[in-house]
file coords.cif (mmCIF, C-alpha atoms)
data_query
loop_
_atom_site.label_atom_id
_atom_site.label_comp_id
_atom_site.auth_asym_id
_atom_site.auth_seq_id
_atom_site.Cartn_x
_atom_site.Cartn_y
_atom_site.Cartn_z
CA MET A 1 -9.36 -32.17 -8.30
CA THR A 2 -5.65 -32.95 -8.55
CA PRO A 3 -3.13 -32.31 -5.74
CA ASP A 4 -1.61 -29.53 -7.87
CA GLU A 5 -4.97 -27.79 -8.17
CA THR A 6 -5.47 -27.96 -4.41
CA THR A 7 -2.08 -26.37 -3.84
CA GLU A 8 -2.70 -23.64 -6.41
CA ARG A 9 -6.09 -22.67 -5.01
CA SER A 10 -4.61 -22.17 -1.57
CA THR A 11 -2.85 -19.09 -2.95
CA VAL A 12 -6.21 -17.43 -3.48
CA SER A 13 -8.41 -18.59 -0.62
CA PRO A 14 -6.26 -19.33 2.45
CA SER A 15 -8.10 -20.26 5.62
CA ALA A 16 -5.37 -20.02 8.24
CA SER A 17 -5.79 -17.23 10.77
CA THR A 18 -3.31 -14.40 10.96
CA ARG A 19 -2.31 -11.58 13.31
CA THR A 20 -0.98 -8.07 12.72
CA VAL A 21 1.39 -5.85 14.71
CA ARG A 22 3.43 -2.81 13.86
CA TYR A 23 6.65 -1.13 15.00
CA ASP A 24 7.67 2.50 14.86
CA LEU A 25 11.16 3.52 15.93
CA GLY A 26 10.57 7.15 14.99
CA HIS A 27 10.21 9.40 11.95
CA GLU A 28 13.91 10.29 12.09
CA ALA A 29 15.26 6.97 13.34
CA TRP A 30 17.61 6.53 10.39
CA ARG A 31 19.61 8.88 8.17
CA LEU A 32 20.21 8.40 4.48
CA PRO A 33 23.87 7.47 4.00
CA GLN A 34 24.00 9.62 0.86
CA THR A 35 22.59 12.88 2.25
CA GLY A 36 21.90 12.57 5.98
CA GLU A 37 18.19 13.26 5.43
CA PRO A 38 15.84 11.59 7.96
CA VAL A 39 13.90 8.41 7.26
CA GLU A 40 11.45 6.52 9.45
CA LEU A 41 11.96 2.96 10.61
CA THR A 42 8.40 1.67 10.69
CA GLY A 43 6.73 -1.54 9.61
CA VAL A 44 3.43 -3.36 9.71
CA VAL A 45 3.82 -7.11 10.24
CA HIS A 46 1.38 -9.84 9.21
CA TYR A 47 2.13 -13.33 10.48
CA PRO A 48 0.49 -16.72 11.14
CA ALA A 49 -1.46 -16.70 14.40
CA ASP A 50 0.28 -19.96 15.31
CA LEU A 51 4.00 -19.64 14.61
CA GLY A 52 4.46 -23.28 15.62
CA THR A 53 7.91 -24.66 16.31
CA GLY A 54 9.67 -24.00 13.00
CA ARG A 55 10.87 -20.98 11.07
CA HIS A 56 8.86 -19.03 8.51
CA PRO A 57 10.25 -17.27 5.42
CA LEU A 58 10.28 -13.48 5.72
CA ILE A 59 8.87 -11.28 2.94
CA VAL A 60 9.63 -7.55 2.92
CA LEU A 61 7.28 -5.21 1.01
CA LEU A 62 8.31 -1.67 0.06
CA HIS A 63 6.15 1.09 -1.42
CA GLY A 64 7.21 3.62 -4.01
CA LEU A 65 6.94 7.36 -4.62
CA HIS A 66 3.81 9.07 -3.29
CA ASP A 67 2.83 12.00 -1.09
CA THR A 68 4.02 11.65 2.49
CA CYS A 69 1.62 13.81 4.52
CA ALA A 70 -2.18 13.53 4.53
CA ASP A 71 -2.76 17.30 4.51
CA ARG A 72 -6.27 17.73 3.08
CA LYS A 73 -6.09 21.51 2.88
CA ALA A 74 -2.84 21.33 0.97
CA ASP A 75 -4.32 18.68 -1.30
CA ALA A 76 -7.29 20.92 -2.11
CA ALA A 77 -4.95 23.88 -2.66
CA ARG A 78 -2.82 21.86 -5.05
CA THR A 79 -5.87 20.78 -7.04
CA ALA A 80 -7.06 24.37 -7.30
CA ALA A 81 -3.60 25.61 -8.28
CA GLU A 82 -3.34 23.01 -11.02
CA ARG A 83 -6.76 24.01 -12.36
CA ASP A 84 -5.85 27.70 -12.31
CA GLY A 85 -2.31 27.27 -13.64
CA ASP A 86 -0.80 28.86 -10.52
CA ASP A 87 2.68 27.32 -10.42
CA ALA A 88 3.78 29.03 -7.22
CA ALA A 89 0.71 27.88 -5.30
CA TYR A 90 1.09 24.39 -6.72
CA GLU A 91 4.69 24.13 -5.55
CA ALA A 92 3.82 25.49 -2.09
CA ALA A 93 1.04 22.93 -1.63
CA THR A 94 3.21 20.10 -2.93
CA ALA A 95 5.94 21.03 -0.45
CA LYS A 96 3.48 20.50 2.42
CA LEU A 97 2.28 17.18 0.99
CA SER A 98 5.80 15.84 0.45
CA ALA A 99 7.48 17.04 3.65
CA TRP A 100 9.25 14.79 6.15
CA PRO A 101 8.60 14.72 8.99
CA CYS A 102 5.07 16.04 8.49
CA ALA A 103 4.05 19.32 10.12
CA PRO A 104 2.75 19.01 13.71
CA GLY A 105 -0.88 17.90 13.66
CA THR A 106 -0.73 16.62 10.08
CA PRO A 107 -1.25 12.85 9.76
CA VAL A 108 1.34 10.73 8.02
CA LEU A 109 0.15 9.13 4.80
CA PRO A 110 0.76 5.43 5.60
CA SER A 111 1.66 4.01 2.20
CA GLU A 112 3.03 0.88 3.88
CA ARG A 113 -0.53 -0.04 4.93
CA GLY A 114 -1.53 -0.19 1.27
CA TYR A 115 -0.41 -3.80 1.03
CA ASP A 116 -2.29 -5.12 4.06
CA TYR A 117 -4.45 -7.24 1.75
CA LEU A 118 -1.35 -8.91 0.33
CA GLY A 119 0.38 -9.26 3.70
CA ARG A 120 -2.62 -11.00 5.25
CA GLU A 121 -2.94 -13.47 2.37
CA LEU A 122 0.76 -14.31 2.39
CA ALA A 123 0.76 -14.69 6.17
CA ALA A 124 -2.09 -17.18 5.86
CA GLN A 125 0.16 -19.22 3.58
CA GLY A 126 2.89 -19.42 6.21
CA PHE A 127 5.03 -16.33 5.66
CA VAL A 128 6.00 -13.55 8.06
CA VAL A 129 5.41 -10.36 6.05
CA VAL A 130 6.62 -6.85 6.90
CA SER A 131 5.64 -3.80 4.87
CA VAL A 132 7.98 -0.92 5.66
CA GLY A 133 7.60 2.85 5.39
CA ALA A 134 9.73 4.95 3.03
CA ASN A 135 8.22 8.42 3.35
CA GLY A 136 11.58 9.90 4.27
CA ILE A 137 13.06 8.66 0.99
CA ASN A 138 10.06 10.01 -0.94
CA ALA A 139 10.66 13.44 0.61
CA SER A 140 14.40 13.33 0.04
CA SER A 141 16.48 14.97 -2.66
CA LEU A 142 17.54 11.64 -4.18
CA TRP A 143 16.51 10.61 -7.68
CA GLY A 144 17.40 7.97 -10.24
CA ASP A 145 20.00 5.41 -9.26
CA ASP A 146 20.65 7.18 -5.95
CA ASN A 147 16.98 6.76 -5.04
CA ALA A 148 17.09 3.05 -5.88
CA ALA A 149 20.25 2.64 -3.82
CA ALA A 150 18.63 4.39 -0.84
CA ARG A 151 15.61 2.07 -0.97
CA ALA A 152 17.96 -0.91 -1.08
CA ASP A 153 19.80 0.46 1.96
CA LEU A 154 16.48 0.81 3.80
CA ILE A 155 15.55 -2.80 3.05
CA ASN A 156 18.91 -3.96 4.36
CA ARG A 157 18.45 -1.84 7.48
CA HIS A 158 15.19 -3.62 8.28
CA LEU A 159 16.66 -7.01 7.43
CA ARG A 160 19.48 -6.37 9.89
CA MET A 161 16.97 -5.63 12.66
CA TRP A 162 14.99 -8.78 11.86
CA GLN A 163 18.17 -10.87 11.82
CA GLU A 164 19.05 -9.67 15.31
CA LEU A 165 15.53 -10.30 16.57
CA SER A 166 15.22 -13.73 15.00
CA SER A 167 18.62 -15.10 15.97
CA LYS A 168 19.21 -13.46 19.34
CA ASP A 169 15.81 -12.18 20.53
CA ARG A 170 17.31 -8.75 20.97
CA GLY A 171 18.12 -5.59 19.07
CA GLU A 172 16.06 -2.58 18.07
CA LEU A 173 12.83 -4.50 17.44
CA ALA A 174 12.77 -6.37 20.74
CA GLY A 175 9.79 -5.20 22.77
CA LYS A 176 8.74 -2.66 20.12
CA PHE A 177 5.63 -4.32 18.65
CA THR A 178 2.23 -2.72 19.16
CA ASP A 179 -1.39 -3.28 18.19
CA PRO A 180 -2.07 -1.25 15.00
CA ALA A 181 -5.55 -0.26 16.18
CA THR A 182 -4.97 0.59 19.84
CA GLY A 183 -1.25 1.21 20.13
CA ALA A 184 -1.07 -1.18 23.06
CA ALA A 185 2.15 -3.16 23.46
CA ARG A 186 2.07 -6.66 21.98
CA GLN A 187 4.46 -9.46 22.82
CA VAL A 188 5.14 -11.72 19.83
CA GLY A 189 7.60 -14.60 19.88
CA PHE A 190 9.32 -14.01 16.54
CA ALA A 191 12.69 -15.11 17.93
CA HIS A 192 13.81 -18.37 16.25
CA HIS A 193 10.62 -18.40 14.14
CA VAL A 194 11.78 -16.30 11.17
CA ASP A 195 14.03 -17.86 8.54
CA MET A 196 16.44 -15.11 7.53
CA GLY A 197 18.16 -17.44 5.10
CA ASN A 198 14.93 -17.61 3.10
CA VAL A 199 13.84 -14.03 2.38
CA GLY A 200 11.63 -12.57 -0.35
CA ILE A 201 11.32 -8.89 -1.26
CA MET A 202 8.71 -7.00 -3.27
CA GLY A 203 8.91 -3.38 -4.37
CA HIS A 204 6.14 -1.33 -5.99
CA SER A 205 6.78 1.55 -8.39
CA ARG A 206 10.07 3.29 -7.50
CA ALA A 207 10.67 0.53 -4.99
CA GLY A 208 10.65 -1.90 -7.92
CA ALA A 209 13.96 -0.35 -8.90
CA GLY A 210 15.01 -0.43 -5.24
CA VAL A 211 14.49 -4.18 -4.83
CA THR A 212 16.21 -4.88 -8.15
CA TRP A 213 19.22 -2.87 -6.92
CA GLN A 214 19.14 -4.63 -3.55
CA ALA A 215 19.10 -8.10 -5.10
CA ALA A 216 21.63 -7.36 -7.85
CA ASP A 217 24.60 -9.70 -8.01
CA SER A 218 26.97 -6.79 -7.40
CA HIS A 219 25.21 -5.80 -4.17
CA ARG A 220 24.83 -9.18 -2.47
CA GLY A 221 27.79 -8.32 -0.27
CA GLN A 222 25.68 -5.57 1.33
CA TRP A 223 23.10 -8.00 2.67
CA PRO A 224 23.33 -8.37 6.45
CA LYS A 225 25.23 -11.38 7.69
CA GLY A 226 22.97 -14.43 7.88
CA VAL A 227 20.46 -13.03 5.35
CA ASP A 228 19.84 -14.68 1.98
CA VAL A 229 17.32 -13.23 -0.49
CA LYS A 230 15.77 -16.11 -2.43
CA ALA A 231 13.08 -14.29 -4.47
CA VAL A 232 12.58 -10.71 -5.69
CA ALA A 233 9.47 -9.19 -7.31
CA ALA A 234 9.15 -5.78 -8.95
CA LEU A 235 5.51 -4.61 -9.09
CA ALA A 236 4.83 -1.89 -11.70
CA PRO A 237 8.51 -0.89 -11.39
CA ALA A 238 9.74 2.61 -12.22
CA TYR A 239 13.38 2.40 -13.30
CA ASN A 240 15.95 5.00 -14.21
CA VAL A 241 16.13 4.13 -17.90
CA MET A 242 19.10 6.52 -18.28
CA THR A 243 21.30 4.44 -15.99
CA GLU A 244 24.82 3.99 -17.29
CA ASP A 245 25.74 0.92 -15.26
CA MET A 246 23.33 -2.00 -15.60
CA SER A 247 25.50 -4.07 -13.26
CA ASN A 248 23.78 -2.20 -10.43
CA TYR A 249 20.54 -3.96 -11.41
CA THR A 250 21.67 -7.25 -12.96
CA ILE A 251 20.21 -10.31 -11.22
CA THR A 252 21.42 -13.71 -12.37
CA ARG A 253 21.48 -15.72 -9.14
CA THR A 254 18.03 -14.99 -7.65
CA PRO A 255 14.55 -15.78 -9.03
CA PHE A 256 13.10 -12.51 -10.34
CA ALA A 257 9.55 -11.57 -11.35
CA THR A 258 8.21 -8.31 -12.74
CA PHE A 259 4.60 -7.19 -13.12
CA ARG A 260 2.94 -4.39 -15.08
CA GLY A 261 -0.65 -3.49 -15.86
CA THR A 262 -1.66 -2.70 -19.43
CA CYS A 263 -3.49 0.40 -18.13
CA ASP A 264 -0.60 1.73 -16.06
CA GLY A 265 -0.75 5.51 -16.44
CA GLN A 266 2.50 6.21 -14.62
CA VAL A 267 5.06 3.66 -15.77
CA GLY A 268 5.61 2.95 -19.44
CA GLY A 269 6.30 -0.36 -21.13
CA GLU A 270 10.01 0.30 -20.84
CA ALA A 271 9.78 -1.06 -17.29
CA LEU A 272 9.36 -4.63 -18.56
CA TRP A 273 12.21 -4.29 -21.01
CA PHE A 274 14.52 -2.76 -18.42
CA ALA A 275 13.72 -5.65 -16.10
CA ALA A 276 14.48 -8.10 -18.93
CA ASP A 277 17.88 -6.45 -19.38
CA ALA A 278 18.46 -6.70 -15.63
CA ALA A 279 17.65 -10.42 -15.78
CA GLU A 280 19.81 -11.22 -18.79
CA GLY A 281 21.67 -14.41 -17.99
CA ASN A 282 19.47 -15.20 -15.00
CA ARG A 283 19.96 -18.86 -14.13
CA SER A 284 17.34 -19.09 -11.38
CA GLY A 285 14.12 -18.11 -13.17
CA PHE A 286 12.80 -14.86 -14.64
CA TYR A 287 9.10 -14.11 -15.14
CA ARG A 288 7.21 -11.22 -16.72
CA PHE A 289 3.49 -10.76 -16.07
CA ALA A 290 1.34 -8.28 -18.01
CA VAL A 291 -2.03 -7.87 -16.28
CA HIS A 292 -4.70 -6.67 -18.70
CA GLY A 293 -6.78 -3.79 -17.36
CA ALA A 294 -4.57 -3.13 -14.31
CA ASN A 295 -3.35 0.39 -13.53
CA HIS A 296 -0.52 1.58 -11.28
CA ASN A 297 -2.22 2.77 -8.10
CA PHE A 298 -4.73 0.01 -7.38
CA PHE A 299 -1.94 -2.28 -6.17
CA ASN A 300 -1.74 0.01 -3.11
CA THR A 301 -5.02 0.61 -1.26
CA GLN A 302 -3.80 3.92 0.18
CA TRP A 303 -3.25 5.28 -3.32
CA SER A 304 -6.66 4.13 -4.60
CA PRO A 305 -9.95 6.09 -4.65
CA ARG A 306 -11.92 3.74 -2.37
CA SER A 307 -9.60 4.64 0.50
CA ARG A 308 -10.67 8.33 0.31
CA GLN A 309 -7.05 9.04 1.19
CA VAL A 310 -5.27 12.24 0.20
CA ALA A 311 -3.83 12.02 -3.35
CA ALA A 312 -5.64 8.76 -4.12
CA SER A 313 -6.46 8.38 -7.82
CA ASP A 314 -7.19 6.04 -10.71
CA ASP A 315 -4.30 6.58 -13.12
CA ALA A 316 -5.62 4.42 -15.98
CA THR A 317 -6.26 6.27 -19.26
CA PRO A 318 -9.89 5.92 -20.39
CA VAL A 319 -10.63 5.03 -24.03
CA GLU A 320 -12.81 7.67 -25.64
CA GLY A 321 -16.15 6.27 -26.74
CA HIS A 322 -15.62 2.96 -24.95
CA PRO A 323 -16.86 3.14 -21.34
CA GLY A 324 -15.17 0.66 -19.03
CA GLN A 325 -12.14 0.34 -21.30
CA CYS A 326 -8.69 1.68 -20.49
CA THR A 327 -5.17 1.92 -21.86
CA ASP A 328 -1.79 3.20 -20.71
CA ARG A 329 -0.01 6.45 -21.45
CA GLU A 330 1.52 4.89 -24.58
CA GLY A 331 -1.80 3.84 -26.11
CA ALA A 332 -1.61 0.09 -25.53
CA ALA A 333 -4.42 -2.11 -26.80
CA PRO A 334 -7.61 -1.27 -24.85
CA ALA A 335 -8.64 -3.62 -22.06
CA ARG A 336 -11.56 -3.90 -19.68
CA ARG A 337 -10.73 -1.77 -16.66
CA LEU A 338 -10.25 -3.84 -13.52
CA THR A 339 -11.84 -2.83 -10.23
CA GLU A 340 -9.67 -2.36 -7.16
CA PRO A 341 -10.60 -5.78 -5.67
CA GLN A 342 -10.10 -7.54 -9.00
CA GLN A 343 -6.63 -6.10 -9.53
CA ARG A 344 -5.55 -7.03 -6.01
CA HIS A 345 -6.95 -10.53 -6.40
CA VAL A 346 -4.69 -11.05 -9.42
CA ALA A 347 -1.71 -9.61 -7.52
CA VAL A 348 -2.30 -12.03 -4.65
CA THR A 349 -2.59 -14.98 -7.03
CA TYR A 350 0.62 -14.39 -8.97
CA LEU A 351 2.78 -12.95 -6.19
CA GLY A 352 1.60 -15.76 -3.95
CA ALA A 353 2.50 -18.35 -6.57
CA PHE A 354 5.94 -16.80 -7.07
CA PHE A 355 6.83 -16.67 -3.39
CA ARG A 356 5.37 -20.09 -2.64
CA ARG A 357 7.46 -21.60 -5.42
CA HIS A 358 10.76 -19.99 -4.52
CA LEU A 359 10.53 -19.68 -0.74
CA LEU A 360 8.53 -22.80 0.09
CA GLY A 361 9.61 -25.00 -2.82
CA ASP A 362 5.99 -25.52 -3.88
CA THR A 363 6.32 -26.93 -7.42
CA GLY A 364 2.53 -26.94 -7.68
CA GLN A 365 2.85 -23.28 -8.66
CA ASP A 366 4.93 -23.97 -11.79
CA ARG A 367 1.92 -24.16 -14.09
CA ILE A 368 0.85 -20.66 -13.03
CA LEU A 369 4.34 -19.18 -13.28
CA THR A 370 4.91 -20.57 -16.78
CA GLY A 371 1.47 -19.59 -18.08
CA ALA A 372 0.26 -23.17 -18.49
CA ARG A 373 -2.60 -22.42 -16.13
CA HIS A 374 -4.50 -19.15 -15.70
CA PRO A 375 -6.38 -19.28 -12.38
CA ASP A 376 -7.81 -15.75 -12.79
CA ALA A 377 -9.00 -16.16 -16.38
CA ALA A 378 -12.54 -15.28 -15.31
CA ILE A 379 -11.25 -11.87 -14.14
CA THR A 380 -8.79 -10.87 -16.85
CA ASP A 381 -6.00 -12.01 -19.14
CA VAL A 382 -2.46 -12.23 -17.79
CA ASP A 383 0.32 -12.58 -20.35
CA VAL A 384 3.12 -14.69 -18.91
CA THR A 385 6.66 -14.77 -20.27
CA THR A 386 9.32 -16.88 -18.64
CA ALA A 387 12.98 -16.87 -19.58
CA ALA A 388 13.76 -20.04 -17.69
CA THR A 389 11.74 -22.83 -16.16
CA PRO A 390 11.67 -22.89 -12.33
#

call {"tool": "encode", "arguments": {"input": "coords.cif", "output": "structure tokens"}}
result
Amino acid sequence: MTPDETTERSTVSPSASTRTVRYDLGHEAWRLPQTGEPVELTGVVHYPADLGTGRHPLIVLLHGLHDTCADRKADAARTAAERDGDDAAYEAATAKLSAWPCAPGTPVLPSERGYDYLGRELAAQGFVVVSVGANGINASSLWGDDNAAARADLINRHLRMWQELSSKDRGELAGKFTDPATGAARQVGFAHHVDMGNVGIMGHSRAGAGVTWQAADSHRGQWPKGVDVKAVAALAPAYNVMTEDMSNYTITRTPFATFRGTCDGQVGGEALWFAADAAEGNRSGFYRFAVHGANHNFFNTQWSPRSRQVAASDDATPVEGHPGQCTDREGAAPARRLTEPQQRHVAVTYLGAFFRRHLLGDTGQDRILTGARHPDAAITDVDVTTAATP
């Protein structure tokens, strides 16, 4: 086994122990600058159990568009209305499922917890990882470029709080961490242990457009003082393909990776081409990964059937007469359908390699990022296209 192989395998099977806390400043803690609509400021944080004496890169994860309230009665009513063709009943049920804040007594659908598997793995590799809630944006009236801009604003809002906590041990997050299971207060010494000059961001679905907007060359001036985004990943991104100003998405100074499954039933192949346009002229490294047999929802556990969560589904399109095969909404070449654990394993491998390379300087990941090595070949094929070597 070579040193490079040892480094690469650590992205899949880390052994370091991790801890998890969360913060919740309220369902209406922030207001959208564009409309004044309320948005929560919540996050679940995965971090190394031993923060040591140095600073750890921060990775921010952001979910995309999904229902906001886990109202099972409304979910059943919507299903029945769709079956019966009752448009009025369908809209009434959808309004309950996509409200913000949720009605009293109705649980919040915690989409930010859907990346716990990824957060834990990245934390074991030495990162501090925060997955933030965006239900308020999902329930808002914003669409297209305005929606992407709002998600970028939300990311910057959280980054500002983390910058204050890390540099000064004060601000809105000081003393606000709790145990996710019990709600008991937890004291964690993040101050001076988070490297805000070495930040990565990942957005899934609509948040893929949001992180591309946030990291665009033209928007770097909106990053909080002391924050430097060094790597951005768009996972199954849903872009506004009708945008008239690509400068709002153009990234030439930051390493950029985009991922899409060949069985994605929600986002078409235009996502990869839009991302390529956004990365035209990128001097820092641009990567496209096409994961055979992956759909849209399995990247988020809360959106996937095994969770038994409201609105969870498998969005892959089955291939008639070929059990176990799937395609996307555009009829891409059939592939063997991945299971939920398999798809997430691939996500951990390639996202881990990307962030390790560009936040930790781990050149042992280059063979994965350029397609020279395929560590998950026993699971599925991953087509890798790179516009520039790391």

call {"tool": "resolve_selection", "arguments": {"input": "coords.cif", "expression": "the PyMOL selection byres ((chain A and resi 344-359) around 6)", "output": "list in words"}}
result
Thr11, Val12, Leu118, Phe299, Pro341, Gln342, Gln343, Leu360, Gly361, Asp362, Thr363 and Gln365 of chain A

call {"tool": "residues_around", "arguments": {"input": "coords.cif", "residues": "A:Val39", "least_positions_apart": "4", "cutoff": "6 Å", "atoms": "only C-alpha atoms", "output": "short mmCIF file (atom, residue, chain, number, x, y, z; two decimals) with C-alpha atoms, in the coordinates of the input"}}
result
data_model
loop_
_atom_site.label_atom_id
_atom_site.label_comp_id
_atom_site.auth_asym_id
_atom_site.auth_seq_id
_atom_site.Cartn_x
_atom_site.Cartn_y
_atom_site.Cartn_z
CA GLU A 28 13.91 10.29 12.09
CA TRP A 30 17.61 6.53 10.39
CA ARG A 31 19.61 8.88 8.17
CA GLY A 136 11.58 9.90 4.27
#

call {"tool": "atom_distance", "arguments": {"input": "coords.cif", "atom1": "atom CA of A:Val132", "atom2": "atom CA of A:Glu112"}}
result
5.6 Å

call {"tool": "atom_distance", "arguments": {"input": "coords.cif", "atom1": "atom CA of A:Gly293", "atom2": "atom CA of A:Pro334"}}
result
7.9 Å

call {"tool": "closest_residue", "arguments": {"input": "coords.cif", "among": "A:Val227, A:Val44, A:Ala150, A:Ala207", "to": "A:Val129", "atoms": "only C-alpha atoms"}}
result
A:Val44

call {"tool": "resolve_selection", "arguments": {"input": "coords.cif", "expression": "the PyMOL selection byres ((chain A and resi 330) around 10)", "output": "MDAnalysis selection string"}}
result
chainID A and resid 262:265 267:269 317 327:329 331:333

call {"tool": "closest_residue", "arguments": {"input": "coords.cif", "among": "A:Thr385, A:Thr20, A:Asn282, A:Gln266", "to": "A:Thr252", "atoms": "all atoms listed in the file"}}
result
A:Asn282

call {"tool": "closest_residue", "arguments": {"input": "coords.cif", "among": "A:Ala387, A:Val188, A:Ile368, A:Ala81", "to": "A:Asp277", "atoms": "all atoms listed in the file"}}
result
A:Ala387

call {"tool": "residues_around", "arguments": {"input": "coords.cif", "residues": "A:Gly203", "least_positions_apart": "6", "cutoff": "8 Å", "atoms": "all atoms listed in the file", "output": "PyMOL selection string"}}
result
chain A and resi 61-64+209-211+233-235+237

call {"tool": "residues_near_point", "arguments": {"input": "coords.cif", "point": "(-1.2, -19.7, -15.4)", "cutoff": "10 Å", "atoms": "all atoms listed in the file", "output": "PyMOL selection string"}}
result
chain A and resi 8+349-350+353+365-377+381-384

call {"tool": "closest_residue", "arguments": {"input": "coords.cif", "among": "A:Trp223, A:Trp100, A:Trp213, A:Tyr47", "to": "A:Val130", "atoms": "all atoms listed in the file"}}
result
A:Tyr47

call {"tool": "residues_near_point", "arguments": {"input": "coords.cif", "point": "(19.1, -2.3, 2.2)", "cutoff": "12 Å", "atoms": "all atoms listed in the file", "output": "PyMOL selection string"}}
result
chain A and resi 32-33+60+62+132+134+147-161+201+207+210-216+219-224+227+229

call {"tool": "atom_distance", "arguments": {"input": "coords.cif", "atom1": "atom CA of A:Val194", "atom2": "atom CA of A:Gly114"}}
result
23.1 Å

call {"tool": "resolve_selection", "arguments": {"input": "coords.cif", "expression": "the PyMOL selection byres ((chain A and resi 254) around 9)", "output": "list in words"}}
result
Ala215, Ala216, Asp217, Val229, Lys230, Ala231, Val232, Ile251, Thr252, Arg253, Pro255, Phe256, Asn282, Arg283, Ser284, Gly285 and Phe286 of chain A
